[in-house]
Every structure is written in C-alpha cells, then in structure tokens.
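**Student:** This is the structure I have questions about; it appears just below.
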Amino acid sequence: MLEIKQPAGPLHRVPDSALSWTQLFCSLFLGTRPTAAAAAATAAAPLQLSPLSTGTTAPESQPVSYCEPAFWCSIIYYELNMRVGEKFQASLPNLNVDGFTDPSSSDRFCLGQLPNVNRNPVVEQTRKHIGKGVRLYYIGGEVFAECLSDSSIFVQSPNCNQRYGWHPATVVKIPPGCNLKIFNNQEFAQQLAQSVTQGFEAVYDLTRMCTIRISFVKGWGVQYRRQLVTSTPCWIELHLNGPMQWLDRVLTQMDCPRLCSSKS
C-alpha cells in the first residue's frame with residue numbers, strides 16, 4: 001500500500017460527495033504550501049548526507065561527501081523546442097517563475113520580459129495565462145513546486161515518479177493552489193549508494209533524476225495530444241546543481257567503462 005506523506009501542514013480536505021479525479025489527486029498527493037518557519041529553518045539546519053564510498057580499489061579513492069552549492073538549481077526557459085533567454089541561477093530557497101516582467105529580481109524568474117522574434121500566436125496566447133506561475137521551495141534537501149497560476153502546471157520528475165512507483169516518464173498535473181514534492185535529496189542519496197555497487201553506467205544513469213520539467217497551461221504525455229514536452233508552448237527545465245555535482249565527484253573516482261574496439 002502506497003504511503004503518501006504530507007510536505008507540511010494538513011492535506012487538502014475534499015467532501016467525499018464532490019470528489020472528481022483531479023480533486024481526489026489533489027487531496028491524496030498534493031499538500032498545502034510549506035510553512036515560512038520551515039523555509040527559514042533551511043539556512044539554520046543545512047542538509048546532512050553521509051559520505052559515499054565509490055567502491056573503487058584505487059589507493060587515491062576517498063569517500064565523497066555532498067556539498068551544498070551556491071546556486072541550488074538552474075532554470076532554463078523554452079518555447080516549444082527553442083531555448084529563450086539566459087539561464088536563471090537560483091540562490092534563494094524560495095523563488096517564483098512567473099509571466100511578469102521584472103528583469104533583475106533574485107527571487108523571481110520573470111518570463112514575460114524574455115523576447116523571441118520567432119514566437120507564434122499559440123505561444124503568445126499561452127504566455128498570457130502563466131500569471132503568477134509556479135513557486136519553488138528548497139527546504140531541508142526537499143524541493144516542492146506550488147502552482148500559483150490560475151491554470152494548472154504539469155511536472156515530470158523522475159525522482160517523484162520513482163517514489164510513488166509510477167512510470168519514469170509520468171507527467172503530473174498540479175491544479176492551482178496545490179503543491180507537490182518533486183525531489184528528495186535523501187532518496188537520491190540512497191539511489192546513488194545502490195548504483196555505486198552496480199558500476200559507472202548505473203551511476204551515470206542517475207543524471208536523469210537531477211532534471212525536472214514543468215510546463216505551463218498545456219500538458220503533455222500519453223493522456224494529451226502533445227506527446228513531447230517540446231510540443232508544449234511554454235515550459236522550463238530545472239537542473240539540480242547539488243545532486244549533479246555530487247554525481248560528478250563520484251564518477252570521477254570510478255573506473256570508466258572501456259570502449260569497444262572496431263574489431264569487437
């Protein structure tokens with residue numbers, strides 16, 4: 001039986017007589033926003049992860065500890081299959097990705113001020129509905145996404161999908177006012193420790209866990225007309241820098257797989 005733990009605060013309560021599928025999903029899987037006290041506690045109680053042994057026999061091999069980077073994530077904005085604007089580097093534990101126009105805020109990535117001469121009418125119309133967008137929280141090694149927009153957002157998080165036993169490519173619809181835990185560093189640490197025993201390629205495969213995709217207004221996947229995220233008008237890609245850098249330090253201490261020769 002799947003056990004779902006609330007991120008913070010009580011879960012949404014919906015009367016049994018009025019449960020639609022979306023409401024039921026919101027009630028079971030999506031919590032209220034993390035508390036301000038929990039966010040403030042992040043700086044006071046940094047993430048603690050045990051050093052990881054790479055399992056190599058090289059004399060210079062050392063346990064690899066997790067180090068918190070200056071920028072916990074990088075965000076890239078796309079319209080269909082085209083990257084638009086510069087990468088946003090997130091240093092604060094709470095930030096908004098919205099449709100407005102502030103070009104210099106450290107806690108907001110405003111998509112409304114990004115130009116694209118090739119922007120088509122569908123993208124233009126979708127951008128008008130991003131509104132307050134999505135709020136991202138990084139609290140004690142956990143990442144949450146909260147939908148602040150009047151339209152739903154759609155999230156593909158391999159880490160979240162593995163937690164609930166879903167297909168790795170599952171896309172989750174987050175209705176307005178709901179949030180979802182989209183990454184957990186402790187779970188990632190356990191996966192990394194297991195993968196180290198399986199070799200270089202198993203560890204390298206975990207890079208996909210460090211990337212999260214979020215689309216605005218329009219969804220994609222098997223239940224939608226758009227099968228690929230690059231078919232959605234407006235979407236962002238999050239790269240989690242801490243886990244990626246930890247993977248890099250582990251991989252550099254492991255034996256790389258040998259290339260096959262042209263005669264093999």
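Just so we're on the same page: first chain in the structure tokens is A, next is B, and so on; residues restart at 1 for each chain, and ligands are numbered from 1 in the order they show up.
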Residues at most 6 Å from A:Ser74, counting only C-alpha atoms, excluding those fewer than 6 positions away in the same chain, as an MDAnalysis selection string?

**Tutor:** chainID A and resid 88:89 238:239

**Student:** Excluding stretch 76-83 of chain A and any residue of its chain fewer than 6 positions from it, enumerate the residues within 10 Å of it, using only C-alpha atoms, and give them as a VMD selection string.

**Tutor:** chain A and resid 89 97 109 111 114 116 118 to 120 123 to 124 127 213 to 215 228 to 239

**Student:** For the interface of stretch 177-264 of chain A with stretch 157-160 of chain A (cut-off 6 Å, counting only C-alpha atoms), please tabulate each contacting residue of stretch 177-264 of chain A alongside its nearest pair of atoms and their separation in Å to one decimal, rows sorted by chain and increasing number, as JSON lines.

**Tutor:**
```
{"residue": "A:Ile182", "atom": "CA", "partner": "A:Cys160", "partner_atom": "CA", "distance": 5.2}
{"residue": "A:Phe183", "atom": "CA", "partner": "A:Asn159", "partner_atom": "CA", "distance": 5.7}
{"residue": "A:Met209", "atom": "CA", "partner": "A:Pro158", "partner_atom": "CA", "distance": 5.3}
{"residue": "A:Ile212", "atom": "CA", "partner": "A:Ser157", "partner_atom": "CA", "distance": 5.0}
```

**Student:** Ranking A:Lys218, A:His167, A:His129, A:Lys181 by minimum distance to A:Phe144 and counting only C-alpha atoms, which one comes first?

**Tutor:**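 Once distances to A:Phe144 are computed over only C-alpha atoms, the minimum belongs to A:Lys181.
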
**Student:** Measure the distance from atom CA of A:Leu206 to atom CA of A:Ile153 in Å and round it to one decimal.

**Tutor:**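 These atoms are spaced 24.7 Å apart.
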
**Student:** Quick check, in Å to one decimal: how far apart do atom CA of A:Asp98 and atom CA of A:Phe216 lie?

**Tutor:** 9.8 Å

**Student:** Give me, as a list in words, the residues of stretch 150-226 of chain A that a backbone DSSP run labels strand (DSSP E).

**Tutor:**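 Selection result, strand (DSSP E) within stretch 150-226 of chain A: Ile153, Phe154, Val155, Gln156, Val172, Lys173, Ile174, Asn179, Leu180, Lys181, Ile182, Phe183, Asn184, Thr211, Ile212, Arg213, Ile214, Ser215 and Phe216 of chain A.
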
**Student:** So which one's closest to A:Gly112, A:Pro93, A:Gly85, A:Thr197, A:Gln186? Using only C-alpha atoms, please.

**Tutor:**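 Smallest distance to A:Gly112 is found for A:Gly85.
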
**Student:** Would you list the contacts of A:Gly219 as number ranges by chain, taking every protein, DNA or RNA residue within 9 Å and counting only C-alpha atoms, but skipping same-chain residues closer than 2 positions in sequence?

**Tutor:** A: 152-155, 171-173, 215-217, 221, 223-227, 229, 232

**Student:** Save the residues we just selected, all heavy atoms, as a tab-separated table (two decimals), in the first residue's frame?

**Tutor:**
```
chain	number	residue	atom	x	y	z
A	152	SER	N	-3.43	25.17	-14.46
A	152	SER	CA	-2.60	24.09	-13.91
A	152	SER	C	-1.19	24.14	-14.50
A	152	SER	O	-0.96	24.67	-15.59
A	152	SER	CB	-3.22	22.73	-14.20
A	152	SER	OG	-4.47	22.59	-13.57
A	153	ILE	N	-0.25	23.57	-13.75
A	153	ILE	CA	1.08	23.31	-14.27
A	153	ILE	C	1.26	21.80	-14.35
A	153	ILE	O	0.52	21.03	-13.73
A	153	ILE	CB	2.19	23.95	-13.40
A	153	ILE	CG1	2.13	23.38	-11.97
A	153	ILE	CG2	2.07	25.46	-13.40
A	153	ILE	CD1	3.30	23.83	-11.09
A	154	PHE	N	2.24	21.36	-15.13
A	154	PHE	CA	2.45	19.94	-15.38
A	154	PHE	C	3.92	19.62	-15.14
A	154	PHE	O	4.81	20.29	-15.67
A	154	PHE	CB	2.03	19.59	-16.81
A	154	PHE	CG	0.59	19.92	-17.09
A	154	PHE	CD1	0.22	21.21	-17.44
A	154	PHE	CD2	-0.40	18.95	-17.00
A	154	PHE	CE1	-1.12	21.54	-17.69
A	154	PHE	CE2	-1.73	19.26	-17.23
A	154	PHE	CZ	-2.09	20.55	-17.58
A	155	VAL	N	4.18	18.59	-14.32
A	155	VAL	CA	5.53	18.32	-13.84
A	155	VAL	C	5.95	16.90	-14.19
A	155	VAL	O	5.20	15.94	-13.98
A	155	VAL	CB	5.62	18.50	-12.31
A	155	VAL	CG1	7.02	18.16	-11.81
A	155	VAL	CG2	5.23	19.92	-11.91
A	171	VAL	N	3.80	12.37	-16.23
A	171	VAL	CA	3.63	13.81	-16.07
A	171	VAL	C	2.47	14.04	-15.11
A	171	VAL	O	1.37	13.53	-15.32
A	171	VAL	CB	3.36	14.50	-17.43
A	171	VAL	CG1	3.13	15.99	-17.23
A	171	VAL	CG2	4.53	14.26	-18.39
A	172	VAL	N	2.71	14.81	-14.05
A	172	VAL	CA	1.72	15.04	-13.01
A	172	VAL	C	1.10	16.43	-13.18
A	172	VAL	O	1.82	17.43	-13.32
A	172	VAL	CB	2.34	14.94	-11.60
A	172	VAL	CG1	1.30	15.19	-10.52
A	172	VAL	CG2	2.99	13.58	-11.41
A	173	LYS	N	-0.22	16.48	-13.18
A	173	LYS	CA	-0.93	17.76	-13.25
A	173	LYS	C	-1.11	18.31	-11.84
A	173	LYS	O	-1.66	17.65	-10.96
A	173	LYS	CB	-2.30	17.55	-13.90
A	173	LYS	CG	-3.15	18.81	-13.99
A	173	LYS	CD	-4.49	18.51	-14.64
A	173	LYS	CE	-5.38	19.74	-14.74
A	173	LYS	NZ	-6.68	19.44	-15.38
A	215	SER	N	5.72	22.37	-17.41
A	215	SER	CA	5.06	23.16	-18.45
A	215	SER	C	3.92	23.96	-17.85
A	215	SER	O	3.32	23.57	-16.85
A	215	SER	CB	4.55	22.26	-19.58
A	215	SER	OG	3.47	21.46	-19.14
A	216	PHE	N	3.62	25.08	-18.49
A	216	PHE	CA	2.55	25.98	-18.05
A	216	PHE	C	1.33	25.83	-18.95
A	216	PHE	O	1.46	25.78	-20.18
A	216	PHE	CB	3.03	27.42	-18.07
A	216	PHE	CG	4.19	27.70	-17.16
A	216	PHE	CD1	5.50	27.68	-17.64
A	216	PHE	CD2	4.00	27.99	-15.81
A	216	PHE	CE1	6.57	27.94	-16.81
A	216	PHE	CE2	5.06	28.24	-14.97
A	216	PHE	CZ	6.35	28.21	-15.46
A	217	VAL	N	0.17	25.72	-18.34
A	217	VAL	CA	-1.13	25.77	-19.03
A	217	VAL	C	-1.42	24.48	-19.81
A	217	VAL	O	-2.50	23.89	-19.67
A	217	VAL	CB	-1.25	27.00	-19.95
A	217	VAL	CG1	-2.65	27.08	-20.55
A	217	VAL	CG2	-0.90	28.28	-19.21
A	221	GLY	N	2.26	14.19	-22.80
A	221	GLY	CA	2.35	12.79	-22.38
A	221	GLY	C	1.24	11.95	-22.98
A	221	GLY	O	0.51	12.39	-23.87
A	223	GLN	N	-1.63	10.98	-22.05
A	223	GLN	CA	-3.02	11.38	-21.90
A	223	GLN	C	-3.34	12.69	-22.63
A	223	GLN	O	-4.46	13.20	-22.52
A	223	GLN	CB	-3.38	11.52	-20.42
A	223	GLN	CG	-3.29	10.21	-19.64
A	223	GLN	CD	-3.73	10.38	-18.20
A	223	GLN	OE1	-3.94	11.49	-17.72
A	223	GLN	NE2	-3.89	9.26	-17.49
A	224	TYR	N	-2.38	13.21	-23.37
A	224	TYR	CA	-2.57	14.50	-24.02
A	224	TYR	C	-2.25	14.41	-25.51
A	224	TYR	O	-1.55	13.50	-25.96
A	224	TYR	CB	-1.69	15.57	-23.35
A	224	TYR	CG	-2.07	15.84	-21.92
A	224	TYR	CD1	-1.50	15.09	-20.88
A	224	TYR	CD2	-3.01	16.81	-21.60
A	224	TYR	CE1	-1.86	15.33	-19.57
A	224	TYR	CE2	-3.37	17.06	-20.28
A	224	TYR	CZ	-2.79	16.31	-19.27
A	224	TYR	OH	-3.15	16.54	-17.97
A	225	ARG	N	-2.75	15.40	-26.23
A	225	ARG	CA	-2.48	15.46	-27.66
A	225	ARG	C	-0.99	15.68	-27.92
A	225	ARG	O	-0.43	15.15	-28.89
A	225	ARG	CB	-3.30	16.60	-28.28
A	225	ARG	CG	-3.09	16.79	-29.76
A	225	ARG	CD	-4.09	17.78	-30.32
A	225	ARG	NE	-3.99	19.09	-29.69
A	225	ARG	CZ	-3.14	20.05	-30.08
A	225	ARG	NH1	-2.30	19.81	-31.07
A	225	ARG	NH2	-3.12	21.21	-29.47
A	226	ARG	N	-0.36	16.45	-27.06
A	226	ARG	CA	1.08	16.69	-27.20
A	226	ARG	C	1.84	15.57	-26.50
A	226	ARG	O	1.73	15.40	-25.29
A	226	ARG	CB	1.44	18.04	-26.59
A	226	ARG	CG	0.76	19.23	-27.24
A	226	ARG	CD	0.98	20.50	-26.44
A	226	ARG	NE	0.40	21.67	-27.10
A	226	ARG	CZ	-0.87	22.03	-27.01
A	226	ARG	NH1	-1.71	21.30	-26.24
A	226	ARG	NH2	-1.32	23.09	-27.64
A	227	GLN	N	2.62	14.83	-27.23
A	227	GLN	CA	3.33	13.69	-26.67
A	227	GLN	C	4.67	14.08	-26.03
A	227	GLN	O	5.14	13.40	-25.13
A	227	GLN	CB	3.58	12.64	-27.75
A	227	GLN	CG	2.29	12.02	-28.31
A	227	GLN	CD	1.51	11.28	-27.24
A	227	GLN	OE1	1.99	10.31	-26.67
A	227	GLN	NE2	0.29	11.74	-26.96
A	229	VAL	N	7.40	17.17	-24.41
A	229	VAL	CA	7.42	18.47	-23.75
A	229	VAL	C	7.79	19.57	-24.74
A	229	VAL	O	7.35	20.72	-24.61
A	229	VAL	CB	8.40	18.46	-22.55
A	229	VAL	CG1	9.85	18.36	-23.02
A	229	VAL	CG2	8.20	19.69	-21.67
A	232	THR	N	4.91	21.56	-26.13
A	232	THR	CA	4.14	22.49	-25.29
A	232	THR	C	4.64	23.91	-25.53
A	232	THR	O	5.84	24.13	-25.75
A	232	THR	CB	4.26	22.13	-23.80
A	232	THR	OG1	5.64	22.24	-23.39
A	232	THR	CG2	3.77	20.71	-23.54
```

**Student:** As an exercise, work out the distance from atom CA of A:Thr252 to atom CA of A:Leu192 in Å and give it to one decimal place.

**Tutor:**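 About the pair atom CA of A:Thr252 and atom CA of A:Leu192: they are 14.2 Å apart.
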
**Student:** From the list A:Gln190, A:Gln198, A:Asn96, A:Thr170, which residue is nearest A:Ser149 when using only C-alpha atoms?

**Tutor:** A:Asn96

**Student:** Find the spatial neighbours of A:Glu201, counting only C-alpha atoms, within a cut-off of 9 Å - ignore same-chain residues fewer than 5 positions away - and output them as a ChimeraX atom specification.

**Tutor:** /A:195,206,256-257

**Student:** Restricting the calculation to only C-alpha atoms: of A:Gly165, A:Gly199, A:Gly140, A:Gly177, which residue gets closest to A:Trp72?

**Tutor:**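 Answer, going by the shortest atom-to-atom distance: A:Gly140.
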
**Student:** Could you check the closest approach to A:Arg163 for each of A:Asp255, A:Glu187, A:Asp107, A:Asp248 and tell me which residue wins, using only C-alpha atoms?

**Tutor:** A:Glu187
